[in-house]
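Engineer: Structure file model-v8.cif, mmCIF, C-alpha atoms and all ligand atoms, is pasted below:
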```cif
data_upload
loop_
_atom_site.label_atom_id
_atom_site.label_comp_id
_atom_site.auth_asym_id
_atom_site.auth_seq_id
_atom_site.Cartn_x
_atom_site.Cartn_y
_atom_site.Cartn_z
CA MET H 936 18.84 -31.81 -25.82
CA ARG H 937 22.14 -33.60 -25.28
CA LYS H 938 23.78 -32.88 -21.94
CA PRO H 939 27.52 -32.11 -21.86
CA HIS H 940 29.45 -35.29 -21.10
CA PRO H 941 32.51 -35.43 -18.81
CA THR H 942 34.67 -36.78 -21.65
CA ASP H 943 33.73 -33.92 -23.99
CA PRO H 944 36.68 -31.70 -24.87
CA GLN H 945 36.89 -28.78 -22.48
CA TRP H 946 36.87 -25.28 -23.89
CA SER H 947 40.05 -24.50 -21.95
CA ASP H 948 41.75 -27.30 -23.93
CA VAL H 949 41.28 -25.37 -27.16
CA THR H 950 42.07 -21.95 -25.76
CA PRO H 951 45.78 -21.22 -25.97
CA ARG H 952 47.11 -20.92 -22.42
CA ALA H 953 48.34 -17.34 -22.84
CA MET H 954 45.00 -16.21 -24.17
CA PHE H 955 43.21 -17.99 -21.37
CA VAL H 956 45.29 -16.24 -18.74
CA ASN H 957 44.97 -12.87 -20.44
CA ARG H 958 41.24 -13.27 -20.67
CA ARG H 959 41.08 -14.07 -16.98
CA ALA H 960 43.12 -10.99 -16.22
CA LEU H 961 40.85 -8.91 -18.43
CA MET H 962 37.77 -10.21 -16.73
CA LEU H 963 39.26 -9.76 -13.27
CA GLY H 964 40.38 -6.30 -14.32
CA ALA H 965 36.77 -5.56 -15.04
CA GLY H 966 36.22 -6.38 -11.38
CA ALA H 967 32.75 -7.25 -10.26
CA PHE H 968 31.53 -6.60 -13.81
CA ALA H 969 32.55 -10.07 -14.88
CA LEU H 970 30.25 -11.57 -12.27
CA ALA H 971 27.39 -9.22 -13.01
CA GLY H 972 26.78 -10.85 -16.41
CA PRO H 973 26.62 -9.49 -19.91
CA ALA H 974 25.06 -6.16 -18.97
CA THR H 975 28.14 -4.59 -17.52
CA ALA H 976 30.89 -6.89 -18.83
CA ALA H 977 30.33 -5.79 -22.42
CA THR H 978 32.40 -3.01 -23.94
CA PRO H 979 31.15 -0.71 -26.73
CA SER H 980 32.35 -1.27 -30.28
CA ARG H 981 33.55 0.81 -33.22
CA PHE H 982 31.20 -1.24 -35.39
CA SER H 983 28.07 0.10 -33.71
CA VAL H 984 25.73 2.44 -35.54
CA THR H 985 24.77 5.68 -33.83
CA GLU H 986 21.01 5.51 -34.47
CA PRO H 987 18.91 5.09 -31.32
CA PRO H 988 17.96 1.46 -30.64
CA THR H 989 14.42 0.25 -31.27
CA GLU H 990 12.41 -0.20 -28.10
CA ARG H 991 13.22 -3.41 -26.28
CA SER H 992 9.57 -4.47 -26.17
CA ALA H 993 9.38 -4.35 -29.99
CA ILE H 994 12.64 -6.30 -30.44
CA THR H 995 11.45 -9.03 -28.10
CA SER H 996 7.82 -9.31 -29.19
CA TYR H 997 7.85 -8.86 -33.01
CA ASN H 998 9.84 -11.88 -34.12
CA ASN H 999 10.28 -14.67 -36.57
CA PHE H 1000 11.17 -18.01 -34.99
CA TYR H 1001 9.07 -20.46 -36.95
CA GLU H 1002 9.81 -23.34 -34.60
CA PHE H 1003 7.32 -21.57 -32.32
CA GLY H 1004 4.78 -20.65 -35.01
CA PHE H 1005 4.30 -18.37 -38.03
CA ALA H 1006 2.76 -15.31 -36.36
CA LYS H 1007 5.04 -12.51 -35.19
CA GLU H 1008 3.76 -12.84 -31.64
CA ASP H 1009 4.15 -16.65 -31.48
CA PRO H 1010 7.84 -16.72 -30.43
CA ALA H 1011 7.27 -14.43 -27.43
CA ARG H 1012 4.19 -16.47 -26.54
CA HIS H 1013 5.70 -19.96 -26.82
CA ALA H 1014 9.51 -19.81 -26.64
CA GLY H 1015 9.61 -19.51 -22.85
CA LYS H 1016 9.29 -23.30 -22.61
CA MET H 1017 12.52 -23.98 -24.53
CA LYS H 1018 15.25 -25.27 -22.19
CA THR H 1019 18.49 -23.37 -22.72
CA ASP H 1020 20.61 -24.55 -19.79
CA PRO H 1021 22.69 -26.68 -19.99
CA TRP H 1022 23.50 -26.06 -23.65
CA ALA H 1023 26.17 -27.65 -25.79
CA VAL H 1024 27.33 -26.61 -29.25
CA GLN H 1025 28.70 -29.34 -31.48
CA ILE H 1026 31.56 -28.01 -33.61
CA ASP H 1027 32.57 -30.45 -36.31
CA GLY H 1028 33.61 -31.06 -39.89
CA LEU H 1029 36.87 -29.61 -41.19
CA VAL H 1030 38.26 -28.42 -37.85
CA ASP H 1031 41.33 -29.45 -35.86
CA ARG H 1032 39.53 -29.76 -32.54
CA PRO H 1033 35.97 -30.99 -33.12
CA GLY H 1034 33.78 -31.63 -30.13
CA SER H 1035 30.66 -30.92 -28.18
CA TYR H 1036 31.46 -27.78 -26.20
CA ASP H 1037 29.55 -26.78 -23.10
CA LEU H 1038 28.36 -23.21 -23.67
CA ALA H 1039 28.79 -22.16 -20.04
CA ASP H 1040 32.42 -23.27 -20.33
CA VAL H 1041 32.91 -21.36 -23.59
CA MET H 1042 31.44 -18.21 -22.04
CA LYS H 1043 33.52 -18.32 -18.86
CA ASN H 1044 36.49 -16.49 -20.31
CA GLN H 1045 34.85 -14.87 -23.28
CA PRO H 1046 34.89 -11.05 -23.25
CA LEU H 1047 31.68 -9.62 -24.67
CA GLU H 1048 31.01 -6.50 -26.69
CA GLU H 1049 27.92 -4.46 -27.29
CA ARG H 1050 27.21 -4.11 -31.02
CA ILE H 1051 24.38 -1.82 -32.04
CA TYR H 1052 23.43 -3.08 -35.50
CA ARG H 1053 20.77 -2.42 -38.10
CA LEU H 1054 18.56 -5.45 -38.70
CA ARG H 1055 16.77 -5.53 -42.09
CA CYS H 1056 14.25 -8.28 -42.52
CA VAL H 1057 13.38 -9.70 -45.94
CA GLU H 1058 9.78 -8.66 -45.27
CA ALA H 1059 10.97 -5.01 -45.53
CA TRP H 1060 10.85 -3.97 -41.89
CA SER H 1061 13.90 -2.99 -39.89
CA MET H 1062 15.08 -2.36 -36.35
CA ILE H 1063 18.16 -1.13 -34.51
CA VAL H 1064 19.28 -3.80 -32.04
CA PRO H 1065 21.85 -3.49 -29.23
CA TRP H 1066 23.30 -7.02 -29.28
CA ILE H 1067 25.79 -8.43 -26.77
CA GLY H 1068 28.17 -10.93 -28.27
CA PHE H 1069 31.56 -11.82 -29.66
CA GLU H 1070 33.08 -12.34 -33.09
CA LEU H 1071 32.47 -15.73 -34.70
CA ALA H 1072 36.03 -15.54 -36.11
CA GLY H 1073 37.47 -15.80 -32.58
CA LEU H 1074 35.64 -19.04 -31.91
CA LEU H 1075 36.52 -20.53 -35.31
CA ASN H 1076 40.18 -19.66 -34.84
CA ARG H 1077 40.25 -21.43 -31.51
CA VAL H 1078 38.87 -24.70 -32.86
CA GLY H 1079 41.23 -24.50 -35.85
CA VAL H 1080 39.70 -24.24 -39.32
CA GLN H 1081 41.34 -26.60 -41.81
CA PRO H 1082 42.43 -25.22 -45.21
CA SER H 1083 39.87 -27.32 -47.09
CA ALA H 1084 36.96 -25.64 -45.26
CA LYS H 1085 35.18 -23.11 -47.48
CA TYR H 1086 31.78 -22.67 -45.78
CA VAL H 1087 30.27 -22.72 -42.29
CA ALA H 1088 26.94 -24.48 -41.71
CA PHE H 1089 24.73 -23.79 -38.69
CA GLU H 1090 21.87 -25.76 -37.17
CA THR H 1091 19.12 -24.85 -34.66
CA LEU H 1092 17.83 -27.04 -31.86
CA VAL H 1093 14.86 -29.28 -32.72
CA ASP H 1094 12.70 -30.07 -29.71
CA PRO H 1095 9.18 -31.17 -30.68
CA GLU H 1096 8.16 -31.14 -27.02
CA THR H 1097 8.65 -27.40 -26.62
CA MET H 1098 8.41 -26.23 -30.25
CA PRO H 1099 4.86 -26.29 -31.63
CA GLY H 1100 6.01 -25.23 -35.13
CA VAL H 1101 8.28 -28.29 -35.35
CA ARG H 1102 5.36 -30.56 -34.47
CA GLY H 1103 3.22 -28.80 -37.09
CA ARG H 1104 6.01 -29.08 -39.71
CA ASN H 1105 5.45 -25.56 -41.06
CA LEU H 1106 9.03 -25.70 -42.51
CA ALA H 1107 11.69 -28.43 -42.73
CA TYR H 1108 13.59 -28.76 -39.44
CA PRO H 1109 16.23 -28.40 -38.16
CA TYR H 1110 16.42 -24.79 -39.36
CA VAL H 1111 19.78 -24.55 -41.12
CA GLU H 1112 21.85 -21.65 -42.42
CA GLY H 1113 25.26 -21.11 -43.91
CA LEU H 1114 27.95 -18.56 -44.66
CA ARG H 1115 30.97 -18.55 -46.91
CA LEU H 1116 34.08 -18.81 -44.73
CA ASP H 1117 35.20 -15.23 -45.49
CA GLU H 1118 31.75 -13.94 -44.51
CA ALA H 1119 31.92 -15.93 -41.29
CA MET H 1120 35.37 -14.54 -40.53
CA ASN H 1121 34.35 -10.91 -41.15
CA PRO H 1122 34.55 -8.93 -37.89
CA LEU H 1123 30.93 -7.77 -38.29
CA THR H 1124 29.72 -11.37 -37.95
CA ILE H 1125 28.97 -12.12 -34.32
CA LEU H 1126 27.49 -14.78 -32.12
CA ALA H 1127 25.08 -12.97 -29.81
CA THR H 1128 24.26 -14.13 -26.30
CA GLY H 1129 22.42 -11.03 -25.13
CA LEU H 1130 20.52 -7.92 -26.08
CA TYR H 1131 19.86 -4.65 -24.30
CA GLY H 1132 22.44 -5.67 -21.70
CA ASP H 1133 20.63 -8.84 -20.65
CA PRO H 1134 20.93 -12.48 -21.67
CA LEU H 1135 18.98 -13.20 -24.88
CA PRO H 1136 15.28 -13.82 -24.39
CA ASN H 1137 14.34 -17.24 -25.78
CA GLN H 1138 12.31 -15.72 -28.62
CA ASN H 1139 15.44 -13.93 -29.88
CA GLY H 1140 17.43 -17.16 -30.07
CA ALA H 1141 18.76 -17.97 -26.60
CA PRO H 1142 21.26 -18.95 -25.54
CA ILE H 1143 23.35 -18.24 -28.66
CA ARG H 1144 22.42 -17.02 -32.16
CA LEU H 1145 24.16 -15.67 -35.22
CA VAL H 1146 23.99 -12.00 -36.29
CA VAL H 1147 25.13 -11.02 -39.81
CA PRO H 1148 24.05 -7.39 -40.13
CA TRP H 1149 24.53 -6.90 -43.90
CA LYS H 1150 22.23 -9.83 -44.75
CA TYR H 1151 18.46 -10.20 -44.44
CA GLY H 1152 17.34 -11.28 -40.98
CA PHE H 1153 16.66 -14.89 -41.91
CA LYS H 1154 20.41 -15.60 -42.19
CA SER H 1155 20.75 -14.90 -38.45
CA ILE H 1156 19.96 -18.38 -37.20
CA LYS H 1157 18.76 -18.78 -33.61
CA SER H 1158 19.42 -21.21 -30.74
CA ILE H 1159 22.43 -22.83 -32.42
CA VAL H 1160 23.38 -26.40 -31.46
CA ARG H 1161 25.80 -27.20 -34.27
CA ILE H 1162 28.46 -25.40 -36.30
CA SER H 1163 30.11 -27.39 -39.10
CA LEU H 1164 33.04 -26.40 -41.28
CA VAL H 1165 32.43 -27.80 -44.76
CA ALA H 1166 33.90 -27.74 -48.28
CA ASP H 1167 30.69 -27.16 -50.26
CA GLU H 1168 27.91 -24.58 -50.05
CA PRO H 1169 25.51 -25.97 -47.43
CA PRO H 1170 21.73 -26.04 -47.83
CA THR H 1171 19.74 -23.28 -46.12
CA THR H 1172 16.16 -23.56 -44.88
CA TRP H 1173 14.60 -20.73 -46.88
CA SER H 1174 16.41 -21.33 -50.15
CA ALA H 1175 15.43 -25.01 -49.93
CA ALA H 1176 11.80 -24.05 -49.23
CA GLN H 1177 11.51 -21.34 -51.95
CA PRO H 1178 14.61 -21.26 -54.18
CA SER H 1179 13.18 -18.61 -56.52
CA GLU H 1180 12.62 -16.22 -53.61
CA TYR H 1181 15.54 -16.83 -51.25
CA GLY H 1182 19.14 -17.44 -52.23
CA PHE H 1183 22.21 -18.52 -50.31
CA TYR H 1184 23.72 -15.03 -50.07
CA ALA H 1185 20.67 -12.97 -49.01
CA ASN H 1186 22.67 -9.75 -48.92
CA VAL H 1187 20.56 -6.67 -48.22
CA ASN H 1188 20.33 -5.13 -51.69
CA PRO H 1189 17.86 -2.38 -52.61
CA GLN H 1190 18.53 -3.05 -56.32
CA VAL H 1191 17.45 -6.69 -56.30
CA ASP H 1192 13.76 -7.07 -55.54
CA HIS H 1193 12.13 -10.05 -53.92
CA PRO H 1194 9.96 -11.59 -56.70
CA ARG H 1195 6.82 -10.47 -54.87
CA TRP H 1196 7.85 -7.05 -53.50
CA SER H 1197 10.41 -4.28 -53.74
CA GLN H 1198 13.44 -4.25 -51.45
CA ALA H 1199 14.22 -0.56 -52.17
CA SER H 1200 12.71 0.77 -48.94
CA GLU H 1201 11.81 -0.39 -45.47
CA ARG H 1202 9.55 0.40 -42.55
CA ARG H 1203 11.44 1.02 -39.32
CA VAL H 1204 9.61 -0.66 -36.44
CA GLY H 1205 8.67 2.05 -33.96
CA ASP H 1206 8.43 4.85 -36.54
CA GLY H 1207 4.64 4.82 -36.43
CA LEU H 1208 2.12 3.74 -39.02
CA PHE H 1209 2.13 6.98 -41.03
CA ALA H 1210 5.88 7.61 -41.00
CA LYS H 1211 7.68 7.77 -44.34
CA ARG H 1212 9.43 4.55 -45.35
CA ARG H 1213 13.22 4.70 -45.27
CA GLU H 1214 15.48 3.96 -48.19
CA THR H 1215 17.21 0.62 -47.84
CA LEU H 1216 20.99 0.91 -47.98
CA MET H 1217 23.28 -1.36 -50.00
CA PHE H 1218 24.53 -4.12 -47.70
CA ASN H 1219 22.27 -2.54 -45.08
CA GLY H 1220 24.73 0.35 -44.71
CA TYR H 1221 27.77 -1.89 -44.13
CA ALA H 1222 29.19 -1.63 -47.68
CA ASP H 1223 32.51 -0.17 -46.53
CA GLU H 1224 33.17 -3.30 -44.51
CA VAL H 1225 31.77 -6.01 -46.78
CA ALA H 1226 31.42 -4.90 -50.44
CA GLY H 1227 34.90 -6.30 -51.13
CA LEU H 1228 33.70 -9.82 -50.29
CA TYR H 1229 31.55 -9.76 -53.44
CA ALA H 1230 33.84 -7.97 -55.91
CA GLY H 1231 33.15 -9.27 -59.41
CA MET H 1232 30.04 -11.25 -58.43
CA ASP H 1233 26.70 -10.66 -60.15
CA LEU H 1234 24.51 -9.98 -57.14
CA ALA H 1235 21.32 -10.31 -59.16
CA LYS H 1236 22.34 -13.89 -59.89
CA PHE H 1237 23.83 -14.65 -56.46
CA TYR H 1238 20.93 -13.17 -54.47
N1 LIG Q 1301 16.23 -18.93 -36.70
C1 LIG Q 1301 15.46 -20.02 -36.54
N2 LIG Q 1301 15.99 -21.10 -35.95
N3 LIG Q 1301 14.17 -20.07 -36.94
C2 LIG Q 1301 13.58 -19.00 -37.57
O1 LIG Q 1301 12.41 -19.08 -37.94
N4 LIG Q 1301 13.85 -16.70 -38.39
C3 LIG Q 1301 14.82 -15.77 -38.99
C4 LIG Q 1301 15.99 -15.46 -38.05
N5 LIG Q 1301 16.46 -16.68 -37.44
C5 LIG Q 1301 14.36 -17.81 -37.76
C6 LIG Q 1301 15.70 -17.81 -37.29
C7 LIG Q 1301 14.19 -14.53 -39.43
S1 LIG Q 1301 13.18 -14.63 -40.79
C8 LIG Q 1301 14.44 -13.33 -38.83
S2 LIG Q 1301 13.84 -11.87 -39.51
C9 LIG Q 1301 15.21 -13.24 -37.58
O2 LIG Q 1301 15.55 -14.53 -37.06
C10 LIG Q 1301 14.33 -12.47 -36.62
O3 LIG Q 1301 14.66 -12.61 -35.29
P1 LIG Q 1301 15.20 -11.42 -34.39
O4 LIG Q 1301 14.18 -10.32 -34.48
O5 LIG Q 1301 15.31 -11.98 -33.03
O6 LIG Q 1301 16.51 -11.02 -35.00
#
```
Let me see the structure of the file written as structure tokens.
Ligand code: MTE
Structural biologist:
Amino acid sequence: MRKPHPTDPQWSDVTPRAMFVNRRALMLGAGAFALAGPATAATPSRFSVTEPPTERSAITSYNNFYEFGFAKEDPARHAGKMKTDPWAVQIDGLVDRPGSYDLADVMKNQPLEERIYRLRCVEAWSMIVPWIGFELAGLLNRVGVQPSAKYVAFETLVDPETMPGVRGRNLAYPYVEGLRLDEAMNPLTILATGLYGDPLPNQNGAPIRLVVPWKYGFKSIKSIVRISLVADEPPTTWSAAQPSEYGFYANVNPQVDHPRWSQASERRVGDGLFAKRRETLMFNGYADEVAGLYAGMDLAKFY
């Protein structure tokens, strides 16, 4: 992937000075924690659910990351070869300060939070994941979103050398996803850099991936190299591949079935083979925070 270049804009250039200083003070206030990495630097969040997290081994070994193959065990098997350092994220389109930002630089003064979220996959399984991350809104505000921007488009790394799925062309790459700007700005929407107190394992989307807990798992794009602010609804990998099955919104909705199976219930990974399925909750249980975003919309049409 592209290496950061000395003439690239520096993250400190887009961070207002006062905020930069405050952040430093915050991090220094946290003492040695700041140096110890995400595990101890993260603070808990009011957005976390209280259910016990799914076992780490399940979260890191039962994955979808098609760049590494279709089988659930392929990402854990193959993603180790992906190079995640150095890493740059291109932020472009309708923003005041576009550029290729070095991730290490972005993370230097970025306080992190632990967010324990439900994850509901379109295939009707679910997990509880203790993510480490920060709100996407904070990053977008710092680069300056222009008034004409209405959507945010995301793109994953494409590296045929380390990604066997990309060589096999099992889907169109790069993997792309998108959110409406108000969805992107919602405080539940985070960029995650860690889980279970450690940096993200490659199979979970290292070094930085999106997490949108009220939408099916496929919206949470991994290993992001580009974030673009755009005026029109951007294409998304799954809705381009199977438009009748996957829409742009992909909100968790027990009342709108997938054409080939019901979305009314789910199997919680770790519950055991004979455990009762759980009822799927509207917006995955986050309706209080996000139902207002869709007031007046026909969610059977905008699925
Ligand atoms: N991102 C990329 N780049 N490629 C993918 O294949 N799969 C998605 C999403 N993000 C995917 C992706 C799907 S279908 C799911 S369910 C989640 O990642 C699962 O990953 P997680 O268990 O690490 O959240």
Engineer: Taking only C-alpha atoms into account, which of H:Glu1112, H:Glu986, H:Glu1058, H:Glu1168 comes nearest Asn998 (chain H)?
Structural biologist: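 Closest candidate: H:Glu1058.
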Engineer: How close does each residue of chain H get to ligand LIG 1301 (chain Q), giving the shortest atom pair and distance in Å to one decimal for every residue with an atom at most 6 Å away, counting all atoms listed in the file, sorted by chain and residue number, as a tab-separated table?
Structural biologist:
```
residue	atom	partner	partner_atom	distance
H:Ile994	CA	Q:LIG1301	O4	5.9
H:Asn998	CA	Q:LIG1301	O4	4.6
H:Asn999	CA	Q:LIG1301	N4	4.5
H:Phe1000	CA	Q:LIG1301	O1	3.4
H:Tyr1001	CA	Q:LIG1301	O1	3.7
H:Glu1002	CA	Q:LIG1301	N3	5.9
H:Cys1056	CA	Q:LIG1301	S2	4.7
H:Thr1091	CA	Q:LIG1301	N2	5.1
H:Tyr1110	CA	Q:LIG1301	N2	5.0
H:Asn1139	CA	Q:LIG1301	O5	3.7
H:Gly1152	CA	Q:LIG1301	S2	3.8
H:Phe1153	CA	Q:LIG1301	C7	3.5
H:Ser1155	CA	Q:LIG1301	N5	4.8
H:Ile1156	CA	Q:LIG1301	N1	3.8
H:Lys1157	CA	Q:LIG1301	N1	4.0
```
Engineer: Identify which of the residues H:Glu1070, H:Asp1020, H:Glu990, H:Asp1027 lies closest to Val1204 (chain H), counting only C-alpha atoms when measuring atom-to-atom distances.
Structural biologist: H:Glu990
Engineer: Could you tell me which of H:Tyr1052, H:Trp1196, H:Trp1149, H:Tyr1108 comes closest to Tyr1131 (chain H) if we count only C-alpha atoms?
Structural biologist: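 So, comparing all the options, the nearest one is H:Tyr1052.
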Engineer: When distances are computed from all atoms listed in the file, which of H:Ser1035, H:Asn1121, H:Thr989, H:Thr978 shows the smallest separation from Val1160 (chain H)?
Structural biologist: H:Ser1035
Engineer: Choose the residue, out of H:Gly1220, H:Gln1177, H:Leu1074, H:Gly1034, that has the smallest atom-to-atom separation from Val984 (chain H); count only C-alpha atoms.
Structural biologist: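 Closest to Val984 (chain H) of all the choices is H:Gly1220.
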Engineer: Which one is closest to Ala1006 (chain H): H:Gly1100, H:Gly1205, H:Pro1170, H:Gly1231? Count all atoms listed in the file.
Structural biologist: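 Of H:Gly1100, H:Gly1205, H:Pro1170, H:Gly1231, the one nearest Ala1006 (chain H), counting all atoms listed in the file, is H:Gly1100.
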Engineer: In Å, with one decimal, what is the gap from CA of Lys1211 (chain H) to CA of Glu1008 (chain H)?
Structural biologist: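 If I compute the distance from CA of Lys1211 (chain H) to CA of Glu1008 (chain H), I get 24.5 Å.
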Engineer: May I ask for the distance between CA of Val1057 (chain H) and CA of Ala1023 (chain H), given in Å to one decimal place?
Structural biologist: 29.9 Å
Engineer: Could you give me, as CSV, every region 992-1049 of chain H residue with an atom at most 10 Å from region 1083-1090 of chain H, plus its closest atom pair and distance in Å to one decimal, counting all atoms listed in the file, rows ordered by chain then number?
Structural biologist:
```
residue,atom,partner,partner_atom,distance
H:Val1024,CA,H:Glu1090,CA,9.7
H:Gln1025,CA,H:Glu1090,CA,9.6
H:Ile1026,CA,H:Phe1089,CA,9.5
H:Asp1027,CA,H:Ala1088,CA,9.8
H:Gly1028,CA,H:Ala1084,CA,8.3
H:Leu1029,CA,H:Ala1084,CA,5.7
H:Val1030,CA,H:Ala1084,CA,8.0
```
Engineer: Tell me, in Å to one decimal, how far CA of Ser996 (chain H) is from CA of Phe1209 (chain H).
Structural biologist: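 Calculated distance between CA of Ser996 (chain H) and CA of Phe1209 (chain H) is 20.9 Å.
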Engineer: Determine, counting all atoms listed in the file, every residue of protein, DNA or RNA that lies within 10 Å of (30.3, -9.1, -47.3) in the file coordinates, then give the result as a ChimeraX atom specification.
Structural biologist: /H:1115,1117-1119,1121,1123-1124,1147-1150,1184,1186,1218,1221-1230
Engineer: What does the file look like for those residues with C-alpha atoms, as an mmCIF file, keeping the file's coordinate frame?
Structural biologist:
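Just written: part14.cif:
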```
data_model
loop_
_atom_site.group_PDB
_atom_site.id
_atom_site.type_symbol
_atom_site.label_atom_id
_atom_site.label_comp_id
_atom_site.auth_asym_id
_atom_site.auth_seq_id
_atom_site.Cartn_x
_atom_site.Cartn_y
_atom_site.Cartn_z
ATOM 1 C CA ARG H 1115 30.970 -18.550 -46.910
ATOM 2 C CA ASP H 1117 35.200 -15.230 -45.490
ATOM 3 C CA GLU H 1118 31.750 -13.940 -44.510
ATOM 4 C CA ALA H 1119 31.920 -15.930 -41.290
ATOM 5 C CA ASN H 1121 34.350 -10.910 -41.150
ATOM 6 C CA LEU H 1123 30.930 -7.770 -38.290
ATOM 7 C CA THR H 1124 29.720 -11.370 -37.950
ATOM 8 C CA VAL H 1147 25.130 -11.020 -39.810
ATOM 9 C CA PRO H 1148 24.050 -7.390 -40.130
ATOM 10 C CA TRP H 1149 24.530 -6.900 -43.900
ATOM 11 C CA LYS H 1150 22.230 -9.830 -44.750
ATOM 12 C CA TYR H 1184 23.720 -15.030 -50.070
ATOM 13 C CA ASN H 1186 22.670 -9.750 -48.920
ATOM 14 C CA PHE H 1218 24.530 -4.120 -47.700
ATOM 15 C CA TYR H 1221 27.770 -1.890 -44.130
ATOM 16 C CA ALA H 1222 29.190 -1.630 -47.680
ATOM 17 C CA ASP H 1223 32.510 -0.170 -46.530
ATOM 18 C CA GLU H 1224 33.170 -3.300 -44.510
ATOM 19 C CA VAL H 1225 31.770 -6.010 -46.780
ATOM 20 C CA ALA H 1226 31.420 -4.900 -50.440
ATOM 21 C CA GLY H 1227 34.900 -6.300 -51.130
ATOM 22 C CA LEU H 1228 33.700 -9.820 -50.290
ATOM 23 C CA TYR H 1229 31.550 -9.760 -53.440
ATOM 24 C CA ALA H 1230 33.840 -7.970 -55.910
#
```
